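Contents: one structure, followed by commentary.
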Amino acid sequence: MPSVPAHPPLLRLSRVERVFERDRVALAGVSMEVAEGEFVSLLGPSGCGKSTVLRLASGLDRPSAGVVERPLDAIPGYVFQDAALLPWASVRRNVGLPLVLRGLGRDAIRAKVDAALQAVGLADSADAVPRELSGGMRMRVSLARALVAEPRLWLLDEPFGALDEITRFALNQTLLALCQPAGGAAASTAVFVTHSVYEAVFLSRRVLVMARPGRIVDEIAVDVPYPRGAAFRTTTRFMALCTQVSEALQRASEVSS
Amino acid sequence: MRHGIVVPTLAVLVFLGAWEAAVRLMRIPPYLLPAPTLIARTLVDNFGSLMGSWWFTVRITFAALGLAVAGGVLLAALFALSRTAERALAPFAVVLQVTPIVAIAPLIMILTDSPLATVLACAWIVAFFPILANTLTGLRSADANLRDWFRLQRASRWQTLRHLLVPAALPSFMTGLRIAGGLSLIGEVVAEFVAGAAGRDTGLASRILEAAFRTEIPKMFAALVLVALTGVAIYLLTAALSRALLGRWHESERAG
């Protein structure tokens with residue numbers, strides 16, 4: 001097991017259980033910590049409770065037993081698998097919405113939205129409506145909408161699951177640039193749910209492997225410093241880590257009920 | 001755009017031509033079936049008095065539609081906010097909806113003792129339910145992830161209503177409005193028949209009854225034509241409004 005992170009945790013789950021109607025167990029005792037600045041992925045077979053962990057971490061759902069602690073009382077940047085944009089609003093209005101809801105002034109919103117759109121590479125599509133965009137671009141809008149509120153904690157629920165491999169690689173790169181910026185800027189913390197071994201290894205500092213019914217059965221550290229570029233994908237270290245995570249995932253599937 | 005008008009216009013002209021020809025060739029007397037030209041002439045000859053009746057019908061229809069929109073939307077918002085309110089009031093709304101308006105109209109006539117109020121109430125009753133039902137469906141149609149997202153943003157009820165629920169409900173509301181527009185005219189006409197309003201201040205339906213009573217069949221048709229044209233105009237108006245409001249983003253308005 002890797003050492004306990006040096007920074008104080010931004011998120012801590014202690015023996016968390018979640019049981020839905022008709023005794024369907026989504027989580028059967030999950031304990032985990034995410035330190036400030038860390039990028040942690042949750043990987044596991046379908047129905048292992050990955051998304052439930054995120055909903056509990058965000059406060060959208062409450063545990064049946066155990067404790068969820070989020071010392072920072074700030075709104076997390078939550079990204080869904082579908083982009084969940086307002087279909088009637090332009091890209092600019094969608095991205096600015098978190099700031100409108102917080103009551104910011106128009107000029108401040110405009111400046112922040114422009115910066116966020118720039119960061120995700122959508123500066124030219126500010127006036128489009130979601131249906132005019134591709135799936136990958138819609139997901140970029142969703143990332144910009146989270147980014148614009150400058151979240152300390154990102155919660156991402158399989159955001160790139162519906163995208164093709166090439167688009168997914170590009171968005172992985174964009175996400176890392178947002179969460180683990182190069183040049184000494186402060187990293188933001190992220191919990192990332194995924195089905196993809198490659199994605200988990202490429203993005204994360206730690207990969208938590210889950211099994212059914214909802215529990216964490218393995219943990220793999222990815223001791224490769226950020227920033228990680230596209231070249232990381234072709235290193236033998238990357239391949240070895242993917243193999244290691246794949247084997248852990250295989251074991252998790254075997255012990256899943 | 002031009003292309004879309006040519007075919008239906010042609011079809012209507014062919015239909016009218018066949019009607020005219022049939023009446024002339026088969027020597028159908030005008031008290032059974034007047035020819036289109038005769039109807040047109042009657043319409044022109046009685047233009048002043050028919051327009052007075054038309055204006056009466058249009059005023060009541062739109063007043064009823066306006067009241068139905070106000071009542072339907074308010075009640076839908078109340079139902080969307082409170083399940084208890086919905087459980088308590090829904091039976092009344094459903095009973096009003098499923099009972100044929102012709103059956104309720106005499107009762108309203110007795111209760112209000114005024115033809116005008118009767119006609120207005122009947123038109124309102126039939127127009128109200130589609131607005132309520134469709135607006136409610138619309139208010140509940142907002143994407144579940146987006147609702148969660150608004151909760152996460154700690155948006156107030158008002159903010160959620162304004163930025164999410166109302167825009168999400170707009171397409172369904174417009175569908176309700178389109179249905180209610182036609183129904184309020186039907187309700188107005190039915191109520192006029194039942195209320196049997198007579199005298200100077202009457203609508204097109206009373207003119208139809210009156211003409212039938214006097215066997216002035218061409219005049220009856222002329223009034224009928226005005227009712228039909230009014231229905232078409234209401235439909236076109238609501239459709240145009242719907243296109244103007246939803247055009248850019250809603251699928252149902254983008255097929256063409």
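Every chain in the structure tokens has a letter given in the order shown (A, B, ...), and although residue numbers restart at 1 in each chain, ligands are simply numbered from 1 in the order shown.
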Which residues are near range 147-162 of chain B? Cut-off 8 Å, only C-alpha atoms, ignore same chain within fewer than 6 positions. Put them as a ChimeraX atom specification.
/A:58-60,75-76,78,98,101
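Residues lying within 6 Å of range 55-70 of chain B, counting only C-alpha atoms and ignoring same-chain neighbours fewer than 5 positions away, are Leu120, Ala123, Trp124, Ala127, Phe128, Ser184, Leu185 and Gly203 of chain B.
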Would you mind exporting all heavy atoms of the selected residues as an mmCIF file, in the first residue's frame?
```
data_model
loop_
_atom_site.group_PDB
_atom_site.id
_atom_site.type_symbol
_atom_site.label_atom_id
_atom_site.label_comp_id
_atom_site.auth_asym_id
_atom_site.auth_seq_id
_atom_site.Cartn_x
_atom_site.Cartn_y
_atom_site.Cartn_z
ATOM 1 N N LEU B 120 -68.190 32.494 -22.018
ATOM 2 C CA LEU B 120 -66.809 32.670 -21.575
ATOM 3 C C LEU B 120 -66.370 31.497 -20.694
ATOM 4 O O LEU B 120 -65.287 30.925 -20.875
ATOM 5 C CB LEU B 120 -66.681 33.986 -20.812
ATOM 6 C CG LEU B 120 -65.271 34.416 -20.439
ATOM 7 C CD1 LEU B 120 -64.438 34.646 -21.689
ATOM 8 C CD2 LEU B 120 -65.291 35.672 -19.586
ATOM 9 N N ALA B 123 -65.877 28.204 -22.789
ATOM 10 C CA ALA B 123 -64.656 28.255 -23.591
ATOM 11 C C ALA B 123 -63.434 28.104 -22.688
ATOM 12 O O ALA B 123 -62.459 27.434 -23.029
ATOM 13 C CB ALA B 123 -64.592 29.571 -24.361
ATOM 14 N N TRP B 124 -63.503 28.690 -21.503
ATOM 15 C CA TRP B 124 -62.384 28.606 -20.564
ATOM 16 C C TRP B 124 -62.182 27.166 -20.094
ATOM 17 O O TRP B 124 -61.057 26.669 -20.045
ATOM 18 C CB TRP B 124 -62.644 29.516 -19.362
ATOM 19 C CG TRP B 124 -61.570 29.446 -18.352
ATOM 20 C CD1 TRP B 124 -60.366 30.076 -18.404
ATOM 21 C CD2 TRP B 124 -61.569 28.684 -17.143
ATOM 22 N NE1 TRP B 124 -59.615 29.753 -17.304
ATOM 23 C CE2 TRP B 124 -60.333 28.907 -16.515
ATOM 24 C CE3 TRP B 124 -62.503 27.836 -16.537
ATOM 25 C CZ2 TRP B 124 -59.991 28.305 -15.305
ATOM 26 C CZ3 TRP B 124 -62.167 27.234 -15.334
ATOM 27 C CH2 TRP B 124 -60.924 27.470 -14.720
ATOM 28 N N ALA B 127 -60.485 24.996 -22.682
ATOM 29 C CA ALA B 127 -59.126 25.404 -23.052
ATOM 30 C C ALA B 127 -58.153 25.208 -21.900
ATOM 31 O O ALA B 127 -56.952 25.056 -22.101
ATOM 32 C CB ALA B 127 -59.119 26.871 -23.491
ATOM 33 N N PHE B 128 -58.688 25.183 -20.689
ATOM 34 C CA PHE B 128 -57.863 25.176 -19.495
ATOM 35 C C PHE B 128 -57.049 23.885 -19.340
ATOM 36 O O PHE B 128 -55.843 23.922 -19.075
ATOM 37 C CB PHE B 128 -58.787 25.392 -18.291
ATOM 38 C CG PHE B 128 -58.185 25.122 -16.971
ATOM 39 C CD1 PHE B 128 -57.338 26.054 -16.398
ATOM 40 C CD2 PHE B 128 -58.459 23.944 -16.286
ATOM 41 C CE1 PHE B 128 -56.780 25.813 -15.161
ATOM 42 C CE2 PHE B 128 -57.894 23.702 -15.054
ATOM 43 C CZ PHE B 128 -57.056 24.631 -14.493
ATOM 44 N N SER B 184 -60.715 26.456 -27.458
ATOM 45 C CA SER B 184 -61.457 27.593 -26.912
ATOM 46 C C SER B 184 -62.482 28.089 -27.927
ATOM 47 O O SER B 184 -63.583 28.509 -27.560
ATOM 48 C CB SER B 184 -60.501 28.713 -26.489
ATOM 49 O OG SER B 184 -59.744 29.146 -27.588
ATOM 50 N N LEU B 185 -62.150 27.991 -29.211
ATOM 51 C CA LEU B 185 -63.119 28.356 -30.247
ATOM 52 C C LEU B 185 -64.288 27.365 -30.257
ATOM 53 O O LEU B 185 -65.458 27.758 -30.325
ATOM 54 C CB LEU B 185 -62.437 28.408 -31.619
ATOM 55 C CG LEU B 185 -63.335 28.809 -32.790
ATOM 56 C CD1 LEU B 185 -63.822 30.234 -32.625
ATOM 57 C CD2 LEU B 185 -62.611 28.652 -34.118
ATOM 58 N N GLY B 203 -72.615 36.039 -31.285
ATOM 59 C CA GLY B 203 -71.480 35.569 -32.059
ATOM 60 C C GLY B 203 -71.879 34.783 -33.286
ATOM 61 O O GLY B 203 -73.061 34.699 -33.630
#
```
Looking only at the backbone, which of the residues in range 35-146 of chain A does DSSP tag as helix (DSSP H, G or I), as a PyMOL selection string?
chain A and resi 50-58+91-101+106-120+123-125+130-132+135-146
With C-alpha atoms retained, write the just-selected residues as a short mmCIF file (atom, residue, chain, number, x, y, z; two decimals), in the first residue's frame.
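Result file follows (selection-v2.cif):
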```cif
data_model
loop_
_atom_site.label_atom_id
_atom_site.label_comp_id
_atom_site.auth_asym_id
_atom_site.auth_seq_id
_atom_site.Cartn_x
_atom_site.Cartn_y
_atom_site.Cartn_z
CA LYS A 50 -18.32 4.16 -8.56
CA SER A 51 -20.92 6.76 -9.42
CA THR A 52 -22.54 6.37 -5.99
CA VAL A 53 -19.23 7.37 -4.40
CA LEU A 54 -19.29 10.58 -6.44
CA ARG A 55 -22.90 11.37 -5.58
CA LEU A 56 -22.11 10.91 -1.90
CA ALA A 57 -18.94 12.97 -2.19
CA SER A 58 -20.89 15.81 -3.82
CA VAL A 91 -22.27 28.01 -25.06
CA ARG A 92 -21.47 31.34 -23.43
CA ARG A 93 -24.64 31.34 -21.34
CA ASN A 94 -24.17 27.71 -20.33
CA VAL A 95 -20.62 28.32 -19.16
CA GLY A 96 -21.58 31.52 -17.35
CA LEU A 97 -24.54 29.98 -15.53
CA PRO A 98 -22.70 29.01 -12.30
CA LEU A 99 -21.62 32.65 -11.97
CA VAL A 100 -25.09 33.99 -12.77
CA LEU A 101 -26.48 31.76 -10.00
CA ARG A 106 -22.05 40.89 -16.17
CA ASP A 107 -18.56 42.15 -16.92
CA ALA A 108 -16.93 39.82 -14.41
CA ILE A 109 -18.88 36.89 -15.86
CA ARG A 110 -17.88 37.78 -19.40
CA ALA A 111 -14.20 37.89 -18.57
CA LYS A 112 -14.24 34.61 -16.66
CA VAL A 113 -16.30 32.85 -19.34
CA ASP A 114 -13.90 34.02 -22.05
CA ALA A 115 -10.96 32.69 -20.05
CA ALA A 116 -12.68 29.34 -19.43
CA LEU A 117 -13.64 28.93 -23.09
CA GLN A 118 -10.07 29.75 -24.07
CA ALA A 119 -8.76 27.10 -21.67
CA VAL A 120 -10.87 24.33 -23.20
CA ALA A 123 -13.22 30.44 -27.95
CA ASP A 124 -14.68 30.29 -31.48
CA SER A 125 -17.91 28.51 -30.53
CA PRO A 130 -25.32 22.68 -27.77
CA ARG A 131 -27.10 20.82 -30.57
CA GLU A 132 -24.81 22.46 -33.10
CA GLY A 135 -20.18 15.24 -28.45
CA GLY A 136 -16.58 16.09 -27.68
CA MET A 137 -17.22 19.83 -27.95
CA ARG A 138 -20.28 19.56 -25.71
CA MET A 139 -18.10 17.87 -23.13
CA ARG A 140 -15.61 20.72 -23.44
CA VAL A 141 -18.45 23.12 -22.66
CA SER A 142 -19.29 21.03 -19.61
CA LEU A 143 -15.65 21.20 -18.47
CA ALA A 144 -15.59 24.97 -19.02
CA ARG A 145 -18.78 25.33 -16.97
CA ALA A 146 -17.08 23.53 -14.08
#
```
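Atom pair CA of Gly181 in chain B / CA of Ile234 in chain B has a distance of 6.2 Å (rounded to one decimal).
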For Pro34 in chain B, find every residue with an atom within 8 Å (counting only C-alpha atoms), except residues of its own chain fewer than 5 positions away, and show them as a list in words.
Val23, Ile28, Pro29, Ile39, Ile217, Pro218 and Phe221 of chain B
Residues just named, written with N, CA and C atoms as a JSON list (two decimals), in the first residue's frame:
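What ended up in selection-v3.json:
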```
[["chain", "number", "residue", "atom", "x", "y", "z"],
["B", 23, "VAL", "N", -72.69, 21.46, -58.00],
["B", 23, "VAL", "CA", -73.93, 22.18, -57.68],
["B", 23, "VAL", "C", -74.64, 22.62, -58.96],
["B", 28, "ILE", "N", -78.35, 21.29, -57.76],
["B", 28, "ILE", "CA", -78.66, 21.16, -56.33],
["B", 28, "ILE", "C", -79.19, 22.51, -55.85],
["B", 29, "PRO", "N", -80.37, 22.52, -55.26],
["B", 29, "PRO", "CA", -80.93, 23.81, -54.82],
["B", 29, "PRO", "C", -80.11, 24.42, -53.69],
["B", 39, "ILE", "N", -72.00, 31.43, -51.64],
["B", 39, "ILE", "CA", -71.56, 31.65, -50.25],
["B", 39, "ILE", "C", -70.72, 32.91, -50.18],
["B", 217, "ILE", "N", -79.78, 29.13, -45.93],
["B", 217, "ILE", "CA", -78.64, 28.22, -45.91],
["B", 217, "ILE", "C", -77.34, 28.88, -46.38],
["B", 218, "PRO", "N", -77.34, 29.71, -47.45],
["B", 218, "PRO", "CA", -76.09, 30.36, -47.85],
["B", 218, "PRO", "C", -75.49, 31.20, -46.72],
["B", 221, "PHE", "N", -73.81, 28.96, -44.27],
["B", 221, "PHE", "CA", -72.48, 28.58, -44.74],
["B", 221, "PHE", "C", -71.48, 29.71, -44.60]]
```
